file final.cif (mmCIF, C-alpha atoms and all ligand atoms)
data_target
loop_
_atom_site.group_PDB
_atom_site.id
_atom_site.type_symbol
_atom_site.label_atom_id
_atom_site.label_comp_id
_atom_site.auth_asym_id
_atom_site.auth_seq_id
_atom_site.Cartn_x
_atom_site.Cartn_y
_atom_site.Cartn_z
ATOM 1 C CA MET A 1050 0.000 0.000 0.000
ATOM 2 C CA ILE A 1051 1.229 3.504 -0.850
ATOM 3 C CA GLU A 1052 1.278 5.608 2.292
ATOM 4 C CA LEU A 1053 2.624 8.947 1.049
ATOM 5 C CA SER A 1054 2.720 10.359 -2.465
ATOM 6 C CA THR A 1055 3.398 13.577 -4.233
ATOM 7 C CA GLU A 1056 2.320 14.111 -7.835
ATOM 8 C CA GLY A 1057 3.950 16.989 -9.694
ATOM 9 C CA LEU A 1058 4.434 18.770 -6.371
ATOM 10 C CA VAL A 1059 5.611 22.377 -6.719
ATOM 11 C CA HIS A 1060 6.190 24.836 -3.881
ATOM 12 C CA VAL A 1061 7.003 28.511 -4.388
ATOM 13 C CA TYR A 1062 7.225 30.536 -1.160
ATOM 14 C CA ARG A 1063 6.653 33.942 -2.726
ATOM 15 C CA GLU A 1064 5.496 34.873 -6.198
ATOM 16 C CA GLY A 1065 8.532 35.187 -8.433
ATOM 17 C CA SER A 1066 10.891 33.339 -6.037
ATOM 18 C CA VAL A 1067 12.603 30.008 -6.785
ATOM 19 C CA ARG A 1068 10.653 26.766 -6.884
ATOM 20 C CA ALA A 1069 11.777 25.320 -3.543
ATOM 21 C CA VAL A 1070 10.130 22.050 -4.655
ATOM 22 C CA ASP A 1071 9.941 21.621 -8.406
ATOM 23 C CA GLU A 1072 7.719 18.890 -9.919
ATOM 24 C CA VAL A 1073 8.405 16.092 -7.461
ATOM 25 C CA ASP A 1074 6.729 12.698 -7.941
ATOM 26 C CA LEU A 1075 7.300 10.362 -5.016
ATOM 27 C CA HIS A 1076 5.639 7.204 -3.777
ATOM 28 C CA ILE A 1077 6.485 5.861 -0.350
ATOM 29 C CA LYS A 1078 5.031 2.517 0.687
ATOM 30 C CA ALA A 1079 3.678 1.679 4.124
ATOM 31 C CA GLY A 1080 6.486 0.418 6.350
ATOM 32 C CA GLU A 1081 9.342 1.813 4.246
ATOM 33 C CA ARG A 1082 12.343 3.504 5.892
ATOM 34 C CA VAL A 1083 13.327 6.348 3.607
ATOM 35 C CA ALA A 1084 16.144 8.900 3.944
ATOM 36 C CA LEU A 1085 15.944 12.233 2.124
ATOM 37 C CA ILE A 1086 19.314 13.869 1.460
ATOM 38 C CA GLY A 1087 20.713 16.795 -0.548
ATOM 39 C CA GLN A 1088 22.593 20.065 -0.172
ATOM 40 C CA ASN A 1089 21.383 22.947 2.016
ATOM 41 C CA GLY A 1090 18.402 24.638 0.406
ATOM 42 C CA SER A 1091 17.617 21.734 -1.955
ATOM 43 C CA GLY A 1092 13.993 21.637 -0.765
ATOM 44 C CA LYS A 1093 13.964 18.712 1.687
ATOM 45 C CA SER A 1094 12.199 20.488 4.570
ATOM 46 C CA THR A 1095 9.816 22.238 2.190
ATOM 47 C CA LEU A 1096 8.852 18.881 0.675
ATOM 48 C CA VAL A 1097 8.167 17.079 3.951
ATOM 49 C CA ARG A 1098 6.182 19.982 5.456
ATOM 50 C CA HIS A 1099 3.463 19.151 2.906
ATOM 51 C CA PHE A 1100 2.832 15.751 4.484
ATOM 52 C CA ASN A 1101 1.266 17.199 7.635
ATOM 53 C CA GLY A 1102 -0.358 20.215 6.007
ATOM 54 C CA LEU A 1103 2.090 22.773 7.407
ATOM 55 C CA LEU A 1104 2.555 23.841 3.783
ATOM 56 C CA ARG A 1105 0.069 23.443 0.950
ATOM 57 C CA PRO A 1106 1.159 22.869 -2.688
ATOM 58 C CA THR A 1107 1.558 25.749 -5.120
ATOM 59 C CA ASP A 1108 0.843 23.118 -7.759
ATOM 60 C CA GLY A 1109 0.414 19.335 -7.863
ATOM 61 C CA ARG A 1110 -0.969 17.007 -5.225
ATOM 62 C CA VAL A 1111 -0.040 15.363 -1.944
ATOM 63 C CA VAL A 1112 -1.721 12.058 -1.104
ATOM 64 C CA VAL A 1113 -1.654 10.597 2.414
ATOM 65 C CA GLU A 1114 -2.983 7.050 2.912
ATOM 66 C CA GLY A 1115 -4.931 7.313 -0.343
ATOM 67 C CA ALA A 1116 -6.601 10.634 0.500
ATOM 68 C CA ASP A 1117 -5.767 13.943 -1.183
ATOM 69 C CA ALA A 1118 -4.228 16.072 1.582
ATOM 70 C CA ALA A 1119 -6.016 19.126 0.142
ATOM 71 C CA GLY A 1120 -9.266 17.670 1.489
ATOM 72 C CA LEU A 1121 -7.856 16.961 4.967
ATOM 73 C CA ALA A 1122 -7.635 19.494 7.776
ATOM 74 C CA VAL A 1123 -4.354 19.841 9.674
ATOM 75 C CA ALA A 1124 -5.969 18.039 12.633
ATOM 76 C CA GLN A 1125 -6.872 15.045 10.427
ATOM 77 C CA LEU A 1126 -3.370 14.925 8.946
ATOM 78 C CA ALA A 1127 -1.921 15.048 12.477
ATOM 79 C CA ARG A 1128 -3.464 11.630 13.214
ATOM 80 C CA ARG A 1129 -1.650 10.123 10.238
ATOM 81 C CA VAL A 1130 1.672 11.958 9.996
ATOM 82 C CA GLY A 1131 3.886 13.073 12.886
ATOM 83 C CA LEU A 1132 6.501 15.626 11.822
ATOM 84 C CA VAL A 1133 9.490 16.451 14.025
ATOM 85 C CA PHE A 1134 10.757 19.899 13.027
ATOM 86 C CA GLN A 1135 14.365 20.578 12.050
ATOM 87 C CA ASP A 1136 14.545 23.254 14.779
ATOM 88 C CA PRO A 1137 13.204 21.958 18.130
ATOM 89 C CA ASP A 1138 12.727 25.511 19.397
ATOM 90 C CA ARG A 1139 10.051 26.095 16.760
ATOM 91 C CA GLN A 1140 8.175 23.061 18.081
ATOM 92 C CA ILE A 1141 8.585 23.141 21.872
ATOM 93 C CA PHE A 1142 6.307 25.479 23.796
ATOM 94 C CA ALA A 1143 5.270 23.817 27.093
ATOM 95 C CA GLY A 1144 6.716 24.524 30.532
ATOM 96 C CA SER A 1145 7.713 20.952 31.379
ATOM 97 C CA VAL A 1146 8.945 17.875 29.538
ATOM 98 C CA ARG A 1147 5.821 15.876 30.457
ATOM 99 C CA ALA A 1148 3.417 18.662 29.419
ATOM 100 C CA GLU A 1149 5.228 18.953 26.091
ATOM 101 C CA VAL A 1150 4.904 15.253 25.305
ATOM 102 C CA GLU A 1151 1.310 15.063 26.582
ATOM 103 C CA PHE A 1152 0.051 17.835 24.354
ATOM 104 C CA GLY A 1153 -0.251 15.780 21.140
ATOM 105 C CA PRO A 1154 -1.935 12.691 22.661
ATOM 106 C CA ARG A 1155 -4.349 14.949 24.584
ATOM 107 C CA ASN A 1156 -5.253 16.778 21.364
ATOM 108 C CA LEU A 1157 -5.865 13.484 19.589
ATOM 109 C CA GLY A 1158 -8.344 12.592 22.349
ATOM 110 C CA MET A 1159 -6.497 9.506 23.682
ATOM 111 C CA THR A 1160 -7.933 8.030 26.871
ATOM 112 C CA VAL A 1161 -6.068 8.852 30.096
ATOM 113 C CA ALA A 1162 -4.583 5.343 30.278
ATOM 114 C CA ASP A 1163 -3.454 5.328 26.620
ATOM 115 C CA ARG A 1164 -2.063 8.793 27.022
ATOM 116 C CA ARG A 1165 -0.029 7.860 30.068
ATOM 117 C CA ALA A 1166 1.385 4.788 28.303
ATOM 118 C CA ALA A 1167 2.145 6.749 25.122
ATOM 119 C CA VAL A 1168 3.923 9.522 27.038
ATOM 120 C CA ASP A 1169 5.929 7.122 29.239
ATOM 121 C CA ASP A 1170 6.980 4.995 26.249
ATOM 122 C CA ALA A 1171 8.024 8.034 24.229
ATOM 123 C CA LEU A 1172 10.030 9.532 27.107
ATOM 124 C CA SER A 1173 11.847 6.263 27.802
ATOM 125 C CA ALA A 1174 12.547 5.758 24.090
ATOM 126 C CA VAL A 1175 14.515 9.024 23.996
ATOM 127 C CA GLY A 1176 16.100 8.693 27.455
ATOM 128 C CA LEU A 1177 14.097 11.497 29.111
ATOM 129 C CA ALA A 1178 12.032 9.399 31.548
ATOM 130 C CA GLY A 1179 13.918 10.954 34.481
ATOM 131 C CA ASP A 1180 13.255 14.549 33.382
ATOM 132 C CA THR A 1181 9.459 14.803 33.337
ATOM 133 C CA ASP A 1182 9.333 17.982 35.457
ATOM 134 C CA THR A 1183 12.281 19.713 33.815
ATOM 135 C CA ASN A 1184 11.666 22.931 31.908
ATOM 136 C CA PRO A 1185 12.534 22.129 28.257
ATOM 137 C CA TYR A 1186 14.739 25.216 28.087
ATOM 138 C CA ASP A 1187 16.930 23.833 30.863
ATOM 139 C CA LEU A 1188 17.797 20.904 28.576
ATOM 140 C CA GLY A 1189 20.716 21.261 26.167
ATOM 141 C CA TYR A 1190 20.085 21.460 22.414
ATOM 142 C CA SER A 1191 20.604 17.748 21.754
ATOM 143 C CA ARG A 1192 18.100 16.796 24.462
ATOM 144 C CA ARG A 1193 15.587 19.391 23.232
ATOM 145 C CA LYS A 1194 15.842 17.646 19.830
ATOM 146 C CA LEU A 1195 15.069 14.332 21.580
ATOM 147 C CA LEU A 1196 12.144 15.943 23.435
ATOM 148 C CA ALA A 1197 10.698 17.178 20.138
ATOM 149 C CA LEU A 1198 11.065 13.607 18.833
ATOM 150 C CA ALA A 1199 9.309 12.186 21.918
ATOM 151 C CA SER A 1200 6.399 14.593 21.583
ATOM 152 C CA VAL A 1201 5.733 13.290 18.076
ATOM 153 C CA LEU A 1202 6.390 9.611 18.955
ATOM 154 C CA ALA A 1203 3.744 9.854 21.666
ATOM 155 C CA MET A 1204 1.096 10.559 19.022
ATOM 156 C CA ARG A 1205 1.629 7.030 17.645
ATOM 157 C CA THR A 1206 1.004 8.093 14.069
ATOM 158 C CA PRO A 1207 1.384 5.507 11.282
ATOM 159 C CA VAL A 1208 3.882 7.834 9.567
ATOM 160 C CA LEU A 1209 6.891 9.487 11.224
ATOM 161 C CA VAL A 1210 8.716 12.294 9.440
ATOM 162 C CA LEU A 1211 11.976 13.374 11.082
ATOM 163 C CA ASP A 1212 13.744 16.518 9.858
ATOM 164 C CA GLU A 1213 17.448 16.016 10.693
ATOM 165 C CA PRO A 1214 16.949 13.931 13.861
ATOM 166 C CA THR A 1215 20.677 13.357 14.533
ATOM 167 C CA THR A 1216 21.873 16.975 14.342
ATOM 168 C CA GLY A 1217 23.833 17.767 17.511
ATOM 169 C CA GLN A 1218 23.740 14.149 18.778
ATOM 170 C CA ASP A 1219 26.850 12.283 19.917
ATOM 171 C CA LEU A 1220 27.277 8.594 19.083
ATOM 172 C CA ARG A 1221 24.942 7.551 21.912
ATOM 173 C CA GLY A 1222 22.277 9.979 20.676
ATOM 174 C CA VAL A 1223 22.617 8.727 17.103
ATOM 175 C CA GLU A 1224 22.225 5.123 18.318
ATOM 176 C CA LEU A 1225 19.159 6.143 20.294
ATOM 177 C CA VAL A 1226 17.580 7.696 17.193
ATOM 178 C CA GLN A 1227 18.469 4.554 15.222
ATOM 179 C CA ARG A 1228 16.740 2.434 17.867
ATOM 180 C CA VAL A 1229 13.626 4.628 17.737
ATOM 181 C CA ILE A 1230 13.497 4.194 13.944
ATOM 182 C CA GLU A 1231 14.067 0.434 14.255
ATOM 183 C CA GLU A 1232 11.224 0.101 16.775
ATOM 184 C CA ALA A 1233 8.884 2.211 14.649
ATOM 185 C CA HIS A 1234 9.753 0.014 11.668
ATOM 186 C CA SER A 1235 9.114 -3.201 13.632
ATOM 187 C CA ALA A 1236 5.722 -1.794 14.639
ATOM 188 C CA GLY A 1237 4.905 -1.333 10.924
ATOM 189 C CA ARG A 1238 5.214 2.453 10.881
ATOM 190 C CA THR A 1239 6.556 4.359 7.876
ATOM 191 C CA VAL A 1240 9.645 6.490 8.533
ATOM 192 C CA LEU A 1241 10.889 9.348 6.351
ATOM 193 C CA ALA A 1242 13.951 11.175 7.676
ATOM 194 C CA ILE A 1243 16.051 14.043 6.363
ATOM 195 C CA SER A 1244 19.747 13.855 7.171
ATOM 196 C CA HIS A 1245 23.204 15.173 6.282
ATOM 197 C CA ASP A 1246 24.901 12.281 8.113
ATOM 198 C CA MET A 1247 25.770 9.831 5.358
ATOM 199 C CA ARG A 1248 26.898 7.082 7.711
ATOM 200 C CA PHE A 1249 23.590 7.246 9.618
ATOM 201 C CA VAL A 1250 21.736 7.187 6.287
ATOM 202 C CA ALA A 1251 23.662 4.185 4.949
ATOM 203 C CA GLU A 1252 23.189 2.220 8.178
ATOM 204 C CA THR A 1253 19.550 3.000 8.959
ATOM 205 C CA PHE A 1254 17.414 3.199 5.798
ATOM 206 C CA ASP A 1255 16.168 0.881 3.029
ATOM 207 C CA ARG A 1256 15.820 3.642 0.475
ATOM 208 C CA VAL A 1257 17.607 6.938 -0.140
ATOM 209 C CA ILE A 1258 16.194 9.858 -2.126
ATOM 210 C CA VAL A 1259 18.584 12.609 -3.229
ATOM 211 C CA MET A 1260 17.386 16.156 -3.961
ATOM 212 C CA ARG A 1261 19.066 19.007 -5.812
ATOM 213 C CA THR A 1262 17.445 22.435 -6.412
ATOM 214 C CA GLY A 1263 13.945 21.193 -5.660
ATOM 215 C CA ARG A 1264 14.127 18.038 -7.769
ATOM 216 C CA VAL A 1265 14.794 14.365 -7.100
ATOM 217 C CA VAL A 1266 18.055 13.329 -8.764
ATOM 218 C CA LEU A 1267 18.568 9.812 -7.332
ATOM 219 C CA ASP A 1268 16.228 7.319 -5.684
ATOM 220 C CA GLY A 1269 17.304 3.807 -4.731
ATOM 221 C CA THR A 1270 18.734 1.512 -2.084
ATOM 222 C CA PRO A 1271 21.768 2.789 -0.109
ATOM 223 C CA ALA A 1272 23.875 0.354 -2.195
ATOM 224 C CA ASP A 1273 22.640 2.013 -5.428
ATOM 225 C CA VAL A 1274 22.790 5.603 -4.256
ATOM 226 C CA PHE A 1275 26.274 5.292 -2.716
ATOM 227 C CA ALA A 1276 27.702 3.168 -5.569
ATOM 228 C CA GLU A 1277 30.598 4.682 -7.501
ATOM 229 C CA ARG A 1278 28.448 5.363 -10.577
ATOM 230 C CA SER A 1279 26.254 7.704 -8.428
ATOM 231 C CA TRP A 1280 29.143 9.773 -7.012
ATOM 232 C CA PRO A 1281 28.973 12.482 -9.729
ATOM 233 C CA ALA A 1282 25.240 13.013 -8.987
ATOM 234 C CA LEU A 1283 25.953 13.063 -5.226
ATOM 235 C CA ARG A 1284 28.762 15.597 -5.680
ATOM 236 C CA SER A 1285 26.469 17.767 -7.811
ATOM 237 C CA THR A 1286 24.398 18.341 -4.643
ATOM 238 C CA PHE A 1287 27.483 18.680 -2.408
ATOM 239 C CA LEU A 1288 27.258 15.244 -0.801
ATOM 240 C CA GLU A 1289 30.079 12.779 -0.225
ATOM 241 C CA PRO A 1290 29.316 9.055 -0.060
ATOM 242 C CA PRO A 1291 29.965 7.612 3.418
ATOM 243 C CA LEU A 1292 33.639 6.828 4.036
ATOM 244 C CA ALA A 1293 32.786 3.108 4.185
ATOM 245 C CA ALA A 1294 31.363 3.335 0.640
ATOM 246 C CA SER A 1295 34.368 5.103 -0.870
ATOM 247 C CA VAL A 1296 36.930 2.871 0.887
ATOM 248 C CA GLY A 1297 34.753 -0.196 0.181
ATOM 249 C CA ALA A 1298 34.665 0.640 -3.538
ATOM 250 C CA ARG A 1299 38.470 0.944 -3.607
ATOM 251 C CA LEU A 1300 38.841 -2.439 -1.901
ATOM 252 C CA GLY A 1301 36.325 -4.022 -4.290
ATOM 253 C CA LEU A 1302 33.756 -4.560 -1.496
ATOM 254 C CA GLY A 1303 30.901 -2.502 -2.978
ATOM 255 C CA SER A 1304 29.210 0.568 -1.491
ATOM 256 C CA THR A 1305 27.736 -0.971 1.682
ATOM 257 C CA PRO A 1306 30.544 -3.170 3.044
ATOM 258 C CA THR A 1307 30.160 -4.867 6.429
ATOM 259 C CA ASP A 1308 32.788 -4.578 9.187
ATOM 260 C CA GLY A 1309 33.612 -8.254 8.558
ATOM 261 C CA ALA A 1310 34.304 -7.593 4.869
ATOM 262 C CA PHE A 1311 36.731 -4.811 5.843
ATOM 263 C CA VAL A 1312 38.549 -7.071 8.314
ATOM 264 C CA SER A 1313 38.968 -9.821 5.672
ATOM 265 C CA ALA A 1314 40.118 -7.305 3.054
ATOM 266 C CA LEU A 1315 42.703 -5.804 5.439
ATOM 267 C CA ARG A 1316 43.972 -9.299 6.303
ATOM 268 C CA ARG A 1317 44.471 -9.900 2.581
ATOM 269 C CA VAL A 1318 46.539 -6.691 2.392
ATOM 270 C CA ASP A 1319 48.476 -7.038 5.698
ATOM 271 C CA GLY A 1320 48.456 -10.758 6.413
ATOM 272 C CA PRO A 1321 46.953 -11.977 9.721
ATOM 273 C CA ALA A 1322 47.315 -9.722 12.772
ATOM 274 C CA PRO A 1323 50.156 -10.876 15.123
ATOM 275 C CA ASP A 1324 47.753 -11.990 17.849
ATOM 276 C CA ALA A 1325 45.186 -13.533 15.441
HETATM 277 N N1 LIG B 1 9.917 30.224 4.948
HETATM 278 C C1 LIG B 1 10.560 30.437 3.787
HETATM 279 N N2 LIG B 1 10.321 31.561 3.031
HETATM 280 C C2 LIG B 1 10.952 31.752 1.850
HETATM 281 N N3 LIG B 1 11.852 30.906 1.321
HETATM 282 C C3 LIG B 1 12.128 29.790 2.018
HETATM 283 C C4 LIG B 1 11.511 29.486 3.288
HETATM 284 N N4 LIG B 1 11.979 28.305 3.745
HETATM 285 C C5 LIG B 1 12.859 27.876 2.821
HETATM 286 N N5 LIG B 1 12.957 28.760 1.787
HETATM 287 C C6 LIG B 1 13.797 28.600 0.578
HETATM 288 O O1 LIG B 1 13.367 27.417 -0.097
HETATM 289 C C7 LIG B 1 14.473 26.659 -0.592
HETATM 290 C C8 LIG B 1 14.435 25.259 0.021
HETATM 291 O O2 LIG B 1 14.651 25.374 1.434
HETATM 292 P P1 LIG B 1 14.503 24.149 2.412
HETATM 293 O O3 LIG B 1 14.562 24.697 3.785
HETATM 294 O O4 LIG B 1 13.317 23.343 2.033
HETATM 295 O O5 LIG B 1 15.817 23.321 2.066
HETATM 296 P P2 LIG B 1 16.511 22.111 2.848
HETATM 297 O O6 LIG B 1 16.888 21.135 1.795
HETATM 298 O O7 LIG B 1 15.645 21.651 3.954
HETATM 299 O O8 LIG B 1 17.849 22.802 3.419
HETATM 300 P P3 LIG B 1 18.705 22.511 4.777
HETATM 301 O O9 LIG B 1 19.529 21.286 4.490
HETATM 302 O O10 LIG B 1 19.555 23.733 4.894
HETATM 303 O O11 LIG B 1 17.737 22.352 5.909
HETATM 304 C C9 LIG B 1 15.715 27.467 -0.258
HETATM 305 O O12 LIG B 1 16.009 28.268 -1.376
HETATM 306 C C10 LIG B 1 15.270 28.331 0.918
HETATM 307 O O13 LIG B 1 15.994 29.528 0.989
HETATM 308 MG MG MG B 2 15.870 21.617 5.997
#

call {"tool": "encode", "arguments": {"input": "final.cif", "output": "structure tokens"}}
result
Amino acid sequence: MIELSTEGLVHVYREGSVRAVDEVDLHIKAGERVALIGQNGSGKSTLVRHFNGLLRPTDGRVVVEGADAAGLAVAQLARRVGLVFQDPDRQIFAGSVRAEVEFGPRNLGMTVADRRAAVDDALSAVGLAGDTDTNPYDLGYSRRKLLALASVLAMRTPVLVLDEPTTGQDLRGVELVQRVIEEAHSAGRTVLAISHDMRFVAETFDRVIVMRTGRVVLDGTPADVFAERSWPALRSTFLEPPLAASVGARLGLGSTPTDGAFVSALRRVDGPAPDA
């Protein structure tokens, strides 16, 4: 089943300005894990803001679970698509961590018991279970990003859209975000995430879509998109393939080599390690 589509989607912010999104046709199936990448200003955030009605098309159509988004109110879209903003400070408004995460479930009309479970699960998933009474602005940036993620997770929408979820996260934070995506995927939810972190993208998603100046220039598996033949298109939107892909290609291991493949290839070059 197709969960999210755009058909000839165009977005122009002001009359006469550039087409931030320029004739994009996309079909994302239920349960897919999709990464959206591309240089700054290539239209990624503009594109995804159409899926929850924050922006409406200048031209073309957006379809969510088979329904034209033009006929759905923002409140109806909010039940289907949870969008975590790129900038947490444009999303967070409540005076405590718990109040922030409770807002969405309360608005959706969840029962008290469901709401409590949804809020507790979301806070534990992002490692904020011990901070329920904290004022969000006393958290550092990386934890405010995780709070914004929790507040959307708690709405238990079938679709999760994450705009740069790993920005500002250390390795532990990145692993936490990966675990959240893995759990959402196991529960059958669709995940679309924007990222500039090519290693995170290669490790976490089944499909990678590359944008340049409002258009889609590549769309395939991480192995396809990071393969050597795609490097010119990646470079044209100021992206580098992940280091593992470029080293892997040089060692003849392909664009998504495993750690084990690297170890064997290095043994072939160096001979066995002294203590092996
Ligand atoms: N609110 C706005 N008003 C006018 N123009 C905008 C607005 N938001 C974005 N733009 C312009 O639209 C284009 C696409 O921007 P967008 O934020 O969608 O790109 P992006 O791919 O998400 O970039 P980044 O990686 O920097 O987040 C850019 O030219 C940008 O300057
Ligand atoms: Mg953006």

call {"tool": "resolve_selection", "arguments": {"input": "final.cif", "expression": "the PyMOL selection byres (((not hetatm)) within 9 of (chain B and resi 1))", "output": "tab-separated table (two decimals) with C-alpha atoms, keeping the file's coordinate frame"}}
result
chain	number	residue	atom	x	y	z
A	1060	HIS	CA	6.19	24.84	-3.88
A	1061	VAL	CA	7.00	28.51	-4.39
A	1062	TYR	CA	7.22	30.54	-1.16
A	1063	ARG	CA	6.65	33.94	-2.73
A	1066	SER	CA	10.89	33.34	-6.04
A	1067	VAL	CA	12.60	30.01	-6.78
A	1068	ARG	CA	10.65	26.77	-6.88
A	1069	ALA	CA	11.78	25.32	-3.54
A	1070	VAL	CA	10.13	22.05	-4.66
A	1085	LEU	CA	15.94	12.23	2.12
A	1086	ILE	CA	19.31	13.87	1.46
A	1087	GLY	CA	20.71	16.80	-0.55
A	1088	GLN	CA	22.59	20.07	-0.17
A	1089	ASN	CA	21.38	22.95	2.02
A	1090	GLY	CA	18.40	24.64	0.41
A	1091	SER	CA	17.62	21.73	-1.96
A	1092	GLY	CA	13.99	21.64	-0.76
A	1093	LYS	CA	13.96	18.71	1.69
A	1094	SER	CA	12.20	20.49	4.57
A	1095	THR	CA	9.82	22.24	2.19
A	1096	LEU	CA	8.85	18.88	0.68
A	1097	VAL	CA	8.17	17.08	3.95
A	1098	ARG	CA	6.18	19.98	5.46
A	1135	GLN	CA	14.36	20.58	12.05
A	1212	ASP	CA	13.74	16.52	9.86
A	1213	GLU	CA	17.45	16.02	10.69
A	1243	ILE	CA	16.05	14.04	6.36
A	1244	SER	CA	19.75	13.86	7.17
A	1245	HIS	CA	23.20	15.17	6.28
A	1260	MET	CA	17.39	16.16	-3.96
A	1261	ARG	CA	19.07	19.01	-5.81
A	1262	THR	CA	17.44	22.44	-6.41
A	1263	GLY	CA	13.94	21.19	-5.66

call {"tool": "resolve_selection", "arguments": {"input": "final.cif", "expression": "the PyMOL selection byres (((chain A and resi 1207) around 7) and not hetatm)", "output": "mmCIF file with C-alpha atoms, keeping the file's coordinate frame"}}
result
data_model
loop_
_atom_site.group_PDB
_atom_site.id
_atom_site.type_symbol
_atom_site.label_atom_id
_atom_site.label_comp_id
_atom_site.auth_asym_id
_atom_site.auth_seq_id
_atom_site.Cartn_x
_atom_site.Cartn_y
_atom_site.Cartn_z
ATOM 1 C CA ARG A 1129 -1.650 10.123 10.238
ATOM 2 C CA VAL A 1130 1.672 11.958 9.996
ATOM 3 C CA ARG A 1205 1.629 7.030 17.645
ATOM 4 C CA THR A 1206 1.004 8.093 14.069
ATOM 5 C CA VAL A 1208 3.882 7.834 9.567
ATOM 6 C CA LEU A 1209 6.891 9.487 11.224
ATOM 7 C CA ARG A 1238 5.214 2.453 10.881
ATOM 8 C CA THR A 1239 6.556 4.359 7.876
#

call {"tool": "closest_residue", "arguments": {"input": "final.cif", "among": "A:Arg1147, A:Arg1221, A:Arg1105, A:Arg1228", "to": "Leu1177 of chain A", "atoms": "all atoms listed in the file"}}
result
A:Arg1147

call {"tool": "resolve_selection", "arguments": {"input": "final.cif", "expression": "the PyMOL selection byres (((chain A and resi 1276-1290) around 10) and not hetatm)", "output": "PyMOL selection string"}}
result
chain A and resi 1086-1089+1091+1245-1248+1251+1259-1262+1266-1267+1270-1275+1291-1299+1303-1305

call {"tool": "atom_distance", "arguments": {"input": "final.cif", "atom1": "atom CA of Pro1137 of chain A", "atom2": "atom CA of Thr1253 of chain A"}}
result
22.0 Å

call {"tool": "closest_residue", "arguments": {"input": "final.cif", "among": "A:Val1133, A:Leu1198, A:Leu1302, A:Val1123", "to": "Val1150 of chain A", "atoms": "only C-alpha atoms"}}
result
A:Leu1198

call {"tool": "closest_residue", "arguments": {"input": "final.cif", "among": "A:Thr1181, A:Leu1121, A:Phe1100, A:Arg1082", "to": "Gln1227 of chain A", "atoms": "all atoms listed in the file"}}
result
A:Arg1082

call {"tool": "atom_distance", "arguments": {"input": "final.cif", "atom1": "atom CA of Leu1132 of chain A", "atom2": "atom CA of Leu1211 of chain A"}}
result
6.0 Å

call {"tool": "decode", "arguments": {"input": "final.cif", "residues": "segment 1096-1131 of chain A", "atoms": "C-alpha atoms", "output": "compact mmCIF listing (two decimals), in the first residue's frame"}}
result
# COMPACT_ATOMS: atom_id res chain seq x y z
CA LEU A 1096 8.85 18.88 0.67
CA VAL A 1097 8.17 17.08 3.95
CA ARG A 1098 6.18 19.98 5.46
CA HIS A 1099 3.46 19.15 2.91
CA PHE A 1100 2.83 15.75 4.48
CA ASN A 1101 1.27 17.20 7.63
CA GLY A 1102 -0.36 20.21 6.01
CA LEU A 1103 2.09 22.77 7.41
CA LEU A 1104 2.56 23.84 3.78
CA ARG A 1105 0.07 23.44 0.95
CA PRO A 1106 1.16 22.87 -2.69
CA THR A 1107 1.56 25.75 -5.12
CA ASP A 1108 0.84 23.12 -7.76
CA GLY A 1109 0.41 19.34 -7.86
CA ARG A 1110 -0.97 17.01 -5.22
CA VAL A 1111 -0.04 15.36 -1.94
CA VAL A 1112 -1.72 12.06 -1.10
CA VAL A 1113 -1.65 10.60 2.41
CA GLU A 1114 -2.98 7.05 2.91
CA GLY A 1115 -4.93 7.31 -0.34
CA ALA A 1116 -6.60 10.63 0.50
CA ASP A 1117 -5.77 13.94 -1.18
CA ALA A 1118 -4.23 16.07 1.58
CA ALA A 1119 -6.02 19.13 0.14
CA GLY A 1120 -9.27 17.67 1.49
CA LEU A 1121 -7.86 16.96 4.97
CA ALA A 1122 -7.63 19.49 7.78
CA VAL A 1123 -4.35 19.84 9.67
CA ALA A 1124 -5.97 18.04 12.63
CA GLN A 1125 -6.87 15.04 10.43
CA LEU A 1126 -3.37 14.92 8.95
CA ALA A 1127 -1.92 15.05 12.48
CA ARG A 1128 -3.46 11.63 13.21
CA ARG A 1129 -1.65 10.12 10.24
CA VAL A 1130 1.67 11.96 10.00
CA GLY A 1131 3.89 13.07 12.89
